[in-house]
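Data first, discussion second: the structure below is written as structure tokens.
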Amino acid sequence: MIRLDKYLADMGIGTRQEVKRYIRKGQIRVNETLVLTPETKIREGEDEVWIDGRPVGYVSCEYYMLNKPSGVVSATQDSRGKTVIDLIQEQKRKDLFPVGRLDKDTEGLLLITNDGQLAHNLLSPKKHVDKTYYARIQGRVTREDAERFAGGLNIGTDDNEERTGPGILEILRSGEESEIRLTIQEGKYHQVKRMFEAVGKKVLYLKRERMGTLYLDKELKPGEYRRLTDKELDELKESQKGVRR
Ligand code: URA
């Protein structure tokens, strides 16, 4: 059960104050009955709520897969530029946020939701969720680099160590410019770029392809998004049940 004013505000009909006004002005009906009190309790999914004759269904959680484009920040608000949330046009909920951050110049898989529990499970280092990145690297990536990644690296300084866990580095092409795939289980600040810096190399292009059981849909161009399928969502939630704490 949820208060009528919260129900309407959650669905983006207006701010809490605005929807209270709509209710008091007689614009809202619940199951055919005019309702004038914002405190009225609504059974989500059972009661039918209408504003000016239009139905307002209730959605408690939304889940979108976004192929984040370069140049957009992974935040809910930014005073200077566009955020990943601005890209989601059909959202119902106003409390969506990105699950983790990708750098402004990084592309790829970003889950956008308002499900705080799922986000916590995916991001907590204790939960060991694999994140896989594709990258183009300046210079020749070698087997020795892969061995160093496998042992974990110091991405801090000599005086102030910051060690990463092991990373699985797959070399797809090695040359003047190399292509790699890297799987890590953490999300430290600029982690992939700093891991390559630790072996004296520079990331030229970075894209996230996977987070746990969720893979970036190859049909999504940068800037495009879609809702998660039921199967994707079930698999993500299921995979969180047995994880180590
Ligand atoms: N590692 C980085 O360096 N940047 C990202 O955006 C994600 C992981």
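So you can find residues: chains in the structure tokens are A, B, ... in the order shown, residues in each start at 1, and ligands are numbered from 1 in order.
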
Using DSSP on the backbone, list every residue of region 11-244 of chain A that comes out as alpha helix (DSSP H), and give them as a PyMOL selection string. chain A and resi 16-24+116-123+143-150+191-198+230-241

Can you tell me, as a ChimeraX atom specification, what residues are no more than 8 Å from Gly100 (chain A) when counting only C-alpha atoms, ignoring any on the same chain fewer than 5 positions away? /A:74,110,119,123,187

Can you write just those residues out, N, CA, C and O atoms, as a CSV table (one decimal), in the first residue's frame?
chain,number,residue,atom,x,y,z
A,74,SER,N,28.2,9.8,-16.2
A,74,SER,CA,27.4,8.8,-15.4
A,74,SER,C,26.9,9.4,-14.1
A,74,SER,O,27.5,9.1,-13.1
A,110,LEU,N,25.7,0.1,-19.4
A,110,LEU,CA,25.4,0.8,-18.1
A,110,LEU,C,24.0,0.4,-17.8
A,110,LEU,O,23.1,0.6,-18.6
A,119,ALA,N,21.5,-2.8,-7.3
A,119,ALA,CA,22.7,-1.9,-7.6
A,119,ALA,C,23.8,-2.2,-6.5
A,119,ALA,O,25.0,-2.4,-6.9
A,123,LEU,N,27.6,-3.8,-7.3
A,123,LEU,CA,28.8,-2.9,-7.1
A,123,LEU,C,29.7,-3.3,-5.9
A,123,LEU,O,30.8,-3.0,-6.0
A,187,GLY,N,35.6,-2.0,-9.1
A,187,GLY,CA,35.3,-0.8,-9.8
A,187,GLY,C,36.0,0.4,-9.2
A,187,GLY,O,35.4,1.4,-8.9

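What separates CA of Asp10 (chain A) from CA of Val99 (chain A) is a distance of 19.6 Å.
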
Residues at most 9 Å from region 52-57 of chain A, counting only C-alpha atoms, excluding those fewer than 6 positions away in the same chain, as a ChimeraX atom specification? /A:8,11,13,26-29,44-45

Output for the residues just chosen: N, CA and C atoms as a CSV table (one decimal), in the first residue's frame:
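Result file follows (result08.csv):
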chain,number,residue,atom,x,y,z
A,8,LEU,N,1.5,9.1,-7.2
A,8,LEU,CA,1.5,10.0,-8.4
A,8,LEU,C,2.8,10.6,-8.6
A,11,MET,N,5.3,8.3,-10.1
A,11,MET,CA,5.1,8.1,-11.5
A,11,MET,C,5.4,9.3,-12.4
A,13,ILE,N,4.1,12.4,-12.2
A,13,ILE,CA,3.0,13.2,-12.5
A,13,ILE,C,3.3,14.7,-12.1
A,26,GLY,N,-9.6,17.9,-7.4
A,26,GLY,CA,-10.6,16.9,-7.9
A,26,GLY,C,-10.2,16.3,-9.2
A,27,GLN,N,-8.9,16.3,-9.6
A,27,GLN,CA,-8.5,15.7,-10.9
A,27,GLN,C,-8.2,14.2,-10.8
A,28,ILE,N,-8.3,13.6,-9.6
A,28,ILE,CA,-7.9,12.2,-9.5
A,28,ILE,C,-9.1,11.3,-9.1
A,29,ARG,N,-9.2,10.2,-9.8
A,29,ARG,CA,-10.2,9.2,-9.4
A,29,ARG,C,-9.4,7.9,-9.1
A,44,GLU,N,-1.0,-0.9,-5.0
A,44,GLU,CA,-0.3,-0.9,-6.3
A,44,GLU,C,-0.7,-2.2,-7.1
A,45,GLY,N,-1.0,-2.0,-8.3
A,45,GLY,CA,-1.3,-3.1,-9.2
A,45,GLY,C,-2.7,-3.6,-9.0

Report the residues of region 61-214 of chain A whose backbone DSSP state falls under strand (DSSP E or B), written as a PDB file with N, CA, C and O atoms, in the first residue's frame.
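Written file, states_3.pdb:
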ATOM      1  N   TYR A  63      14.237  -1.020 -15.216  1.00  0.00           N
ATOM      2  CA  TYR A  63      15.594  -1.493 -15.524  1.00  0.00           C
ATOM      3  C   TYR A  63      15.866  -1.252 -17.007  1.00  0.00           C
ATOM      4  O   TYR A  63      15.154  -1.792 -17.849  1.00  0.00           O
ATOM      5  N   TYR A  64      16.873  -0.458 -17.281  1.00  0.00           N
ATOM      6  CA  TYR A  64      17.255  -0.192 -18.664  1.00  0.00           C
ATOM      7  C   TYR A  64      18.717  -0.564 -18.875  1.00  0.00           C
ATOM      8  O   TYR A  64      19.549  -0.345 -17.985  1.00  0.00           O
ATOM      9  N   MET A  65      18.992  -1.100 -20.083  1.00  0.00           N
ATOM     10  CA  MET A  65      20.369  -1.304 -20.502  1.00  0.00           C
ATOM     11  C   MET A  65      20.677  -0.166 -21.477  1.00  0.00           C
ATOM     12  O   MET A  65      19.985  -0.002 -22.475  1.00  0.00           O
ATOM     13  N   LEU A  66      21.712   0.607 -21.146  1.00  0.00           N
ATOM     14  CA  LEU A  66      22.111   1.718 -22.017  1.00  0.00           C
ATOM     15  C   LEU A  66      23.476   1.410 -22.612  1.00  0.00           C
ATOM     16  O   LEU A  66      24.356   0.915 -21.899  1.00  0.00           O
ATOM     17  N   ASN A  67      23.647   1.691 -23.892  1.00  0.00           N
ATOM     18  CA  ASN A  67      24.997   1.713 -24.454  1.00  0.00           C
ATOM     19  C   ASN A  67      25.463   3.159 -24.302  1.00  0.00           C
ATOM     20  O   ASN A  67      25.113   4.030 -25.100  1.00  0.00           O
ATOM     21  N   LYS A  68      26.203   3.397 -23.227  1.00  0.00           N
ATOM     22  CA  LYS A  68      26.606   4.777 -22.923  1.00  0.00           C
ATOM     23  C   LYS A  68      27.508   5.324 -24.037  1.00  0.00           C
ATOM     24  O   LYS A  68      28.489   4.674 -24.393  1.00  0.00           O
ATOM     25  N   VAL A  73      28.019  12.146 -18.920  1.00  0.00           N
ATOM     26  CA  VAL A  73      28.492  11.749 -17.591  1.00  0.00           C
ATOM     27  C   VAL A  73      27.554  10.741 -16.932  1.00  0.00           C
ATOM     28  O   VAL A  73      26.345  10.795 -17.102  1.00  0.00           O
ATOM     29  N   THR A  83      23.501  14.023 -18.805  1.00  0.00           N
ATOM     30  CA  THR A  83      23.781  12.821 -18.022  1.00  0.00           C
ATOM     31  C   THR A  83      23.162  11.607 -18.716  1.00  0.00           C
ATOM     32  O   THR A  83      22.301  11.753 -19.585  1.00  0.00           O
ATOM     33  N   PHE A  97      18.903   5.853 -11.421  1.00  0.00           N
ATOM     34  CA  PHE A  97      20.322   6.217 -11.310  1.00  0.00           C
ATOM     35  C   PHE A  97      21.154   5.169 -12.064  1.00  0.00           C
ATOM     36  O   PHE A  97      20.687   4.046 -12.279  1.00  0.00           O
ATOM     37  N   PRO A  98      22.388   5.520 -12.456  1.00  0.00           N
ATOM     38  CA  PRO A  98      23.244   4.532 -13.118  1.00  0.00           C
ATOM     39  C   PRO A  98      23.909   3.627 -12.082  1.00  0.00           C
ATOM     40  O   PRO A  98      24.309   4.107 -11.016  1.00  0.00           O
ATOM     41  N   GLU A 107      32.606   4.116 -23.218  1.00  0.00           N
ATOM     42  CA  GLU A 107      31.318   3.715 -23.788  1.00  0.00           C
ATOM     43  C   GLU A 107      30.881   2.387 -23.174  1.00  0.00           C
ATOM     44  O   GLU A 107      31.612   1.752 -22.439  1.00  0.00           O
ATOM     45  N   GLY A 108      29.667   2.006 -23.525  1.00  0.00           N
ATOM     46  CA  GLY A 108      29.270   0.629 -23.244  1.00  0.00           C
ATOM     47  C   GLY A 108      28.212   0.446 -22.190  1.00  0.00           C
ATOM     48  O   GLY A 108      27.467   1.372 -21.852  1.00  0.00           O
ATOM     49  N   LEU A 109      28.188  -0.771 -21.674  1.00  0.00           N
ATOM     50  CA  LEU A 109      27.073  -1.237 -20.845  1.00  0.00           C
ATOM     51  C   LEU A 109      26.913  -0.459 -19.536  1.00  0.00           C
ATOM     52  O   LEU A 109      27.832  -0.402 -18.724  1.00  0.00           O
ATOM     53  N   LEU A 110      25.741   0.124 -19.381  1.00  0.00           N
ATOM     54  CA  LEU A 110      25.402   0.776 -18.125  1.00  0.00           C
ATOM     55  C   LEU A 110      23.970   0.412 -17.800  1.00  0.00           C
ATOM     56  O   LEU A 110      23.070   0.578 -18.626  1.00  0.00           O
ATOM     57  N   LEU A 111      23.805  -0.130 -16.600  1.00  0.00           N
ATOM     58  CA  LEU A 111      22.462  -0.471 -16.135  1.00  0.00           C
ATOM     59  C   LEU A 111      21.886   0.754 -15.430  1.00  0.00           C
ATOM     60  O   LEU A 111      22.548   1.350 -14.581  1.00  0.00           O
ATOM     61  N   ILE A 112      20.671   1.124 -15.823  1.00  0.00           N
ATOM     62  CA  ILE A 112      20.010   2.285 -15.220  1.00  0.00           C
ATOM     63  C   ILE A 112      18.754   1.760 -14.532  1.00  0.00           C
ATOM     64  O   ILE A 112      17.923   1.105 -15.183  1.00  0.00           O
ATOM     65  N   THR A 113      18.637   2.030 -13.252  1.00  0.00           N
ATOM     66  CA  THR A 113      17.507   1.490 -12.504  1.00  0.00           C
ATOM     67  C   THR A 113      17.206   2.370 -11.291  1.00  0.00           C
ATOM     68  O   THR A 113      17.912   3.340 -11.037  1.00  0.00           O
ATOM     69  N   LYS A 131      33.274  -7.720 -14.337  1.00  0.00           N
ATOM     70  CA  LYS A 131      33.006  -6.646 -15.294  1.00  0.00           C
ATOM     71  C   LYS A 131      34.008  -6.828 -16.426  1.00  0.00           C
ATOM     72  O   LYS A 131      35.209  -6.870 -16.166  1.00  0.00           O
ATOM     73  N   THR A 132      33.514  -6.931 -17.641  1.00  0.00           N
ATOM     74  CA  THR A 132      34.410  -7.166 -18.776  1.00  0.00           C
ATOM     75  C   THR A 132      34.449  -5.938 -19.674  1.00  0.00           C
ATOM     76  O   THR A 132      33.402  -5.383 -20.019  1.00  0.00           O
ATOM     77  N   TYR A 133      35.656  -5.536 -20.013  1.00  0.00           N
ATOM     78  CA  TYR A 133      35.886  -4.358 -20.853  1.00  0.00           C
ATOM     79  C   TYR A 133      36.639  -4.758 -22.116  1.00  0.00           C
ATOM     80  O   TYR A 133      37.521  -5.626 -22.070  1.00  0.00           O
ATOM     81  N   TYR A 134      36.297  -4.089 -23.203  1.00  0.00           N
ATOM     82  CA  TYR A 134      37.096  -4.175 -24.427  1.00  0.00           C
ATOM     83  C   TYR A 134      37.873  -2.860 -24.496  1.00  0.00           C
ATOM     84  O   TYR A 134      37.308  -1.801 -24.185  1.00  0.00           O
ATOM     85  N   ALA A 135      39.138  -2.923 -24.882  1.00  0.00           N
ATOM     86  CA  ALA A 135      39.908  -1.670 -24.984  1.00  0.00           C
ATOM     87  C   ALA A 135      40.914  -1.728 -26.123  1.00  0.00           C
ATOM     88  O   ALA A 135      41.374  -2.800 -26.516  1.00  0.00           O
ATOM     89  N   ARG A 136      41.206  -0.535 -26.643  1.00  0.00           N
ATOM     90  CA  ARG A 136      42.334  -0.381 -27.563  1.00  0.00           C
ATOM     91  C   ARG A 136      43.447   0.327 -26.792  1.00  0.00           C
ATOM     92  O   ARG A 136      43.178   1.326 -26.095  1.00  0.00           O
ATOM     93  N   ILE A 137      44.632  -0.215 -26.914  1.00  0.00           N
ATOM     94  CA  ILE A 137      45.754   0.244 -26.090  1.00  0.00           C
ATOM     95  C   ILE A 137      46.873   0.722 -26.996  1.00  0.00           C
ATOM     96  O   ILE A 137      47.186   0.066 -27.999  1.00  0.00           O
ATOM     97  N   GLN A 138      47.491   1.846 -26.599  1.00  0.00           N
ATOM     98  CA  GLN A 138      48.656   2.321 -27.341  1.00  0.00           C
ATOM     99  C   GLN A 138      49.838   1.421 -26.990  1.00  0.00           C
ATOM    100  O   GLN A 138      50.115   1.238 -25.795  1.00  0.00           O
ATOM    101  N   ASN A 154      49.686  -2.652  -8.467  1.00  0.00           N
ATOM    102  CA  ASN A 154      49.627  -1.439  -7.643  1.00  0.00           C
ATOM    103  C   ASN A 154      49.242  -0.272  -8.557  1.00  0.00           C
ATOM    104  O   ASN A 154      50.034   0.119  -9.422  1.00  0.00           O
ATOM    105  N   ARG A 163      46.330  -1.619  -4.240  1.00  0.00           N
ATOM    106  CA  ARG A 163      46.420  -2.871  -5.009  1.00  0.00           C
ATOM    107  C   ARG A 163      45.063  -3.273  -5.556  1.00  0.00           C
ATOM    108  O   ARG A 163      44.036  -3.136  -4.884  1.00  0.00           O
ATOM    109  N   ILE A 168      41.783 -10.673 -15.538  1.00  0.00           N
ATOM    110  CA  ILE A 168      42.055 -11.634 -16.621  1.00  0.00           C
ATOM    111  C   ILE A 168      42.187 -10.836 -17.909  1.00  0.00           C
ATOM    112  O   ILE A 168      41.215 -10.232 -18.380  1.00  0.00           O
ATOM    113  N   LEU A 169      43.411 -10.796 -18.421  1.00  0.00           N
ATOM    114  CA  LEU A 169      43.690  -9.992 -19.619  1.00  0.00           C
ATOM    115  C   LEU A 169      43.839 -10.911 -20.827  1.00  0.00           C
ATOM    116  O   LEU A 169      44.722 -11.773 -20.863  1.00  0.00           O
ATOM    117  N   GLU A 170      42.951 -10.720 -21.784  1.00  0.00           N
ATOM    118  CA  GLU A 170      42.970 -11.513 -23.006  1.00  0.00           C
ATOM    119  C   GLU A 170      43.484 -10.590 -24.110  1.00  0.00           C
ATOM    120  O   GLU A 170      42.928  -9.498 -24.305  1.00  0.00           O
ATOM    121  N   ILE A 171      44.534 -11.011 -24.809  1.00  0.00           N
ATOM    122  CA  ILE A 171      45.090 -10.169 -25.885  1.00  0.00           C
ATOM    123  C   ILE A 171      44.436 -10.575 -27.201  1.00  0.00           C
ATOM    124  O   ILE A 171      44.597 -11.705 -27.660  1.00  0.00           O
ATOM    125  N   LEU A 172      43.681  -9.665 -27.794  1.00  0.00           N
ATOM    126  CA  LEU A 172      42.976  -9.981 -29.034  1.00  0.00           C
ATOM    127  C   LEU A 172      43.868  -9.688 -30.237  1.00  0.00           C
ATOM    128  O   LEU A 172      43.833 -10.373 -31.241  1.00  0.00           O
ATOM    129  N   ARG A 173      44.668  -8.639 -30.107  1.00  0.00           N
ATOM    130  CA  ARG A 173      45.590  -8.252 -31.179  1.00  0.00           C
ATOM    131  C   ARG A 173      46.705  -7.440 -30.539  1.00  0.00           C
ATOM    132  O   ARG A 173      46.415  -6.542 -29.739  1.00  0.00           O
ATOM    133  N   GLU A 177      49.320  -0.693 -31.933  1.00  0.00           N
ATOM    134  CA  GLU A 177      48.110  -0.466 -31.135  1.00  0.00           C
ATOM    135  C   GLU A 177      47.531  -1.856 -30.885  1.00  0.00           C
ATOM    136  O   GLU A 177      47.463  -2.655 -31.814  1.00  0.00           O
ATOM    137  N   SER A 178      47.161  -2.141 -29.623  1.00  0.00           N
ATOM    138  CA  SER A 178      46.669  -3.489 -29.307  1.00  0.00           C
ATOM    139  C   SER A 178      45.190  -3.452 -28.967  1.00  0.00           C
ATOM    140  O   SER A 178      44.653  -2.392 -28.615  1.00  0.00           O
ATOM    141  N   GLU A 179      44.567  -4.614 -29.067  1.00  0.00           N
ATOM    142  CA  GLU A 179      43.168  -4.743 -28.642  1.00  0.00           C
ATOM    143  C   GLU A 179      43.100  -5.819 -27.580  1.00  0.00           C
ATOM    144  O   GLU A 179      43.722  -6.890 -27.736  1.00  0.00           O
ATOM    145  N   ILE A 180      42.382  -5.537 -26.543  1.00  0.00           N
ATOM    146  CA  ILE A 180      42.337  -6.497 -25.418  1.00  0.00           C
ATOM    147  C   ILE A 180      40.915  -6.605 -24.884  1.00  0.00           C
ATOM    148  O   ILE A 180      40.056  -5.763 -25.166  1.00  0.00           O
ATOM    149  N   ARG A 181      40.737  -7.657 -24.093  1.00  0.00           N
ATOM    150  CA  ARG A 181      39.522  -7.778 -23.291  1.00  0.00           C
ATOM    151  C   ARG A 181      39.994  -8.026 -21.856  1.00  0.00           C
ATOM    152  O   ARG A 181      40.882  -8.859 -21.632  1.00  0.00           O
ATOM    153  N   LEU A 182      39.449  -7.272 -20.917  1.00  0.00           N
ATOM    154  CA  LEU A 182      39.896  -7.400 -19.520  1.00  0.00           C
ATOM    155  C   LEU A 182      38.690  -7.643 -18.624  1.00  0.00           C
ATOM    156  O   LEU A 182      37.687  -6.920 -18.708  1.00  0.00           O
ATOM    157  N   THR A 183      38.805  -8.646 -17.763  1.00  0.00           N
ATOM    158  CA  THR A 183      37.740  -8.900 -16.786  1.00  0.00           C
ATOM    159  C   THR A 183      38.280  -8.665 -15.385  1.00  0.00           C
ATOM    160  O   THR A 183      39.307  -9.230 -14.998  1.00  0.00           O
ATOM    161  N   ILE A 184      37.580  -7.784 -14.659  1.00  0.00           N
ATOM    162  CA  ILE A 184      37.953  -7.486 -13.266  1.00  0.00           C
ATOM    163  C   ILE A 184      36.702  -7.580 -12.406  1.00  0.00           C
ATOM    164  O   ILE A 184      35.585  -7.614 -12.930  1.00  0.00           O
ATOM    165  N   LYS A 202      48.847   3.090 -22.378  1.00  0.00           N
ATOM    166  CA  LYS A 202      47.749   4.043 -22.336  1.00  0.00           C
ATOM    167  C   LYS A 202      46.506   3.462 -23.023  1.00  0.00           C
ATOM    168  O   LYS A 202      46.609   2.903 -24.121  1.00  0.00           O
ATOM    169  N   VAL A 203      45.351   3.636 -22.358  1.00  0.00           N
ATOM    170  CA  VAL A 203      44.090   3.207 -22.961  1.00  0.00           C
ATOM    171  C   VAL A 203      43.634   4.287 -23.935  1.00  0.00           C
ATOM    172  O   VAL A 203      43.513   5.452 -23.574  1.00  0.00           O
ATOM    173  N   LEU A 204      43.388   3.871 -25.193  1.00  0.00           N
ATOM    174  CA  LEU A 204      42.931   4.837 -26.204  1.00  0.00           C
ATOM    175  C   LEU A 204      41.413   4.847 -26.312  1.00  0.00           C
ATOM    176  O   LEU A 204      40.807   5.865 -26.642  1.00  0.00           O
ATOM    177  N   TYR A 205      40.818   3.691 -26.084  1.00  0.00           N
ATOM    178  CA  TYR A 205      39.358   3.559 -26.212  1.00  0.00           C
ATOM    179  C   TYR A 205      38.918   2.482 -25.236  1.00  0.00           C
ATOM    180  O   TYR A 205      39.571   1.444 -25.110  1.00  0.00           O
ATOM    181  N   LEU A 206      37.811   2.744 -24.533  1.00  0.00           N
ATOM    182  CA  LEU A 206      37.356   1.780 -23.523  1.00  0.00           C
ATOM    183  C   LEU A 206      35.848   1.618 -23.605  1.00  0.00           C
ATOM    184  O   LEU A 206      35.109   2.609 -23.710  1.00  0.00           O
ATOM    185  N   LYS A 207      35.444   0.357 -23.536  1.00  0.00           N
ATOM    186  CA  LYS A 207      34.016   0.061 -23.632  1.00  0.00           C
ATOM    187  C   LYS A 207      33.693  -1.099 -22.694  1.00  0.00           C
ATOM    188  O   LYS A 207      34.397  -2.120 -22.721  1.00  0.00           O
ATOM    189  N   ARG A 208      32.646  -0.951 -21.880  1.00  0.00           N
ATOM    190  CA  ARG A 208      32.253  -2.081 -21.028  1.00  0.00           C
ATOM    191  C   ARG A 208      31.286  -2.962 -21.809  1.00  0.00           C
ATOM    192  O   ARG A 208      30.337  -2.462 -22.424  1.00  0.00           O
ATOM    193  N   GLU A 209      31.554  -4.262 -21.741  1.00  0.00           N
ATOM    194  CA  GLU A 209      30.729  -5.220 -22.503  1.00  0.00           C
ATOM    195  C   GLU A 209      29.859  -6.075 -21.605  1.00  0.00           C
ATOM    196  O   GLU A 209      28.881  -6.658 -22.060  1.00  0.00           O
ATOM    197  N   ARG A 210      30.246  -6.232 -20.342  1.00  0.00           N
ATOM    198  CA  ARG A 210      29.516  -7.183 -19.488  1.00  0.00           C
ATOM    199  C   ARG A 210      29.576  -6.752 -18.036  1.00  0.00           C
ATOM    200  O   ARG A 210      30.572  -6.191 -17.587  1.00  0.00           O
ATOM    201  N   MET A 211      28.508  -7.042 -17.312  1.00  0.00           N
ATOM    202  CA  MET A 211      28.472  -6.859 -15.866  1.00  0.00           C
ATOM    203  C   MET A 211      27.751  -8.080 -15.321  1.00  0.00           C
ATOM    204  O   MET A 211      26.537  -8.241 -15.568  1.00  0.00           O
ATOM    205  N   LEU A 214      24.928  -9.926 -17.278  1.00  0.00           N
ATOM    206  CA  LEU A 214      24.339  -9.005 -18.252  1.00  0.00           C
ATOM    207  C   LEU A 214      25.360  -8.584 -19.313  1.00  0.00           C
ATOM    208  O   LEU A 214      26.418  -8.047 -18.981  1.00  0.00           O
TER     209      LEU A 214
END

Which residues sit within 6 Å of ligand 1, counting only C-alpha atoms and all ligand atoms, listed as JSON, numbers by chain? {"A": [102, 103, 106, 190, 191, 192, 193]}

If we count only C-alpha atoms and set the cut-off at 10 Å, which residues sit around Glu144 (chain A), ignoring sequence neighbours fewer than 5 positions away in its own chain? Please answer as a ChimeraX atom specification. /A:149-150,199

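Proximity ranking of A:Lys241, A:Gly175, A:Gly71, A:Glu232 relative to Asp217 (chain A) places A:Glu232 first, based on only C-alpha atoms.
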
Selected residue of minimal separation from Pro166 (chain A) among A:Lys201, A:Tyr58, A:Gln240, A:His128, counting only C-alpha atoms: A:His128

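Reported to one decimal place, the separation of CA of Asp115 (chain A) from CA of Val19 (chain A) is 23.6 Å.
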
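Picture a line from CA of Glu32 (chain A) to CA of Glu48 (chain A); it runs 8.0 Å.
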
Taking 4 positions as the minimum chain separation for residues in the same chain, which residues sit within 9 Å of Gly152 (chain A) when counting only C-alpha atoms? Answer as a VMD selection string. chain A and resid 147 to 148 163 to 167 195

Write the residues of the preceding selection, restricted to N, CA, C and O atoms, as a PDB file, in the first residue's frame.
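Result file part_39.pdb:
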ATOM      1  N   GLU A 147      50.345 -11.572 -17.295  1.00  0.00           N
ATOM      2  CA  GLU A 147      50.740 -12.220 -16.041  1.00  0.00           C
ATOM      3  C   GLU A 147      50.705 -11.238 -14.874  1.00  0.00           C
ATOM      4  O   GLU A 147      50.259 -11.573 -13.780  1.00  0.00           O
ATOM      5  N   ARG A 148      51.156 -10.010 -15.163  1.00  0.00           N
ATOM      6  CA  ARG A 148      51.132  -8.995 -14.087  1.00  0.00           C
ATOM      7  C   ARG A 148      49.696  -8.660 -13.695  1.00  0.00           C
ATOM      8  O   ARG A 148      49.374  -8.499 -12.521  1.00  0.00           O
ATOM      9  N   ARG A 163      46.330  -1.619  -4.240  1.00  0.00           N
ATOM     10  CA  ARG A 163      46.420  -2.871  -5.009  1.00  0.00           C
ATOM     11  C   ARG A 163      45.063  -3.273  -5.556  1.00  0.00           C
ATOM     12  O   ARG A 163      44.036  -3.136  -4.884  1.00  0.00           O
ATOM     13  N   THR A 164      45.089  -3.761  -6.779  1.00  0.00           N
ATOM     14  CA  THR A 164      43.857  -4.301  -7.360  1.00  0.00           C
ATOM     15  C   THR A 164      43.836  -5.806  -7.138  1.00  0.00           C
ATOM     16  O   THR A 164      44.877  -6.420  -6.884  1.00  0.00           O
ATOM     17  N   GLY A 165      42.660  -6.387  -7.292  1.00  0.00           N
ATOM     18  CA  GLY A 165      42.566  -7.838  -7.332  1.00  0.00           C
ATOM     19  C   GLY A 165      43.050  -8.298  -8.704  1.00  0.00           C
ATOM     20  O   GLY A 165      43.428  -7.482  -9.549  1.00  0.00           O
ATOM     21  N   PRO A 166      43.038  -9.613  -8.918  1.00  0.00           N
ATOM     22  CA  PRO A 166      43.505 -10.114 -10.213  1.00  0.00           C
ATOM     23  C   PRO A 166      42.599  -9.702 -11.355  1.00  0.00           C
ATOM     24  O   PRO A 166      41.390  -9.566 -11.182  1.00  0.00           O
ATOM     25  N   GLY A 167      43.186  -9.492 -12.528  1.00  0.00           N
ATOM     26  CA  GLY A 167      42.414  -9.198 -13.734  1.00  0.00           C
ATOM     27  C   GLY A 167      42.773 -10.224 -14.797  1.00  0.00           C
ATOM     28  O   GLY A 167      43.936 -10.621 -14.914  1.00  0.00           O
ATOM     29  N   MET A 195      45.285   0.521 -14.423  1.00  0.00           N
ATOM     30  CA  MET A 195      45.979  -0.776 -14.505  1.00  0.00           C
ATOM     31  C   MET A 195      46.942  -0.758 -15.697  1.00  0.00           C
ATOM     32  O   MET A 195      48.064  -1.243 -15.607  1.00  0.00           O
TER      33      MET A 195
END
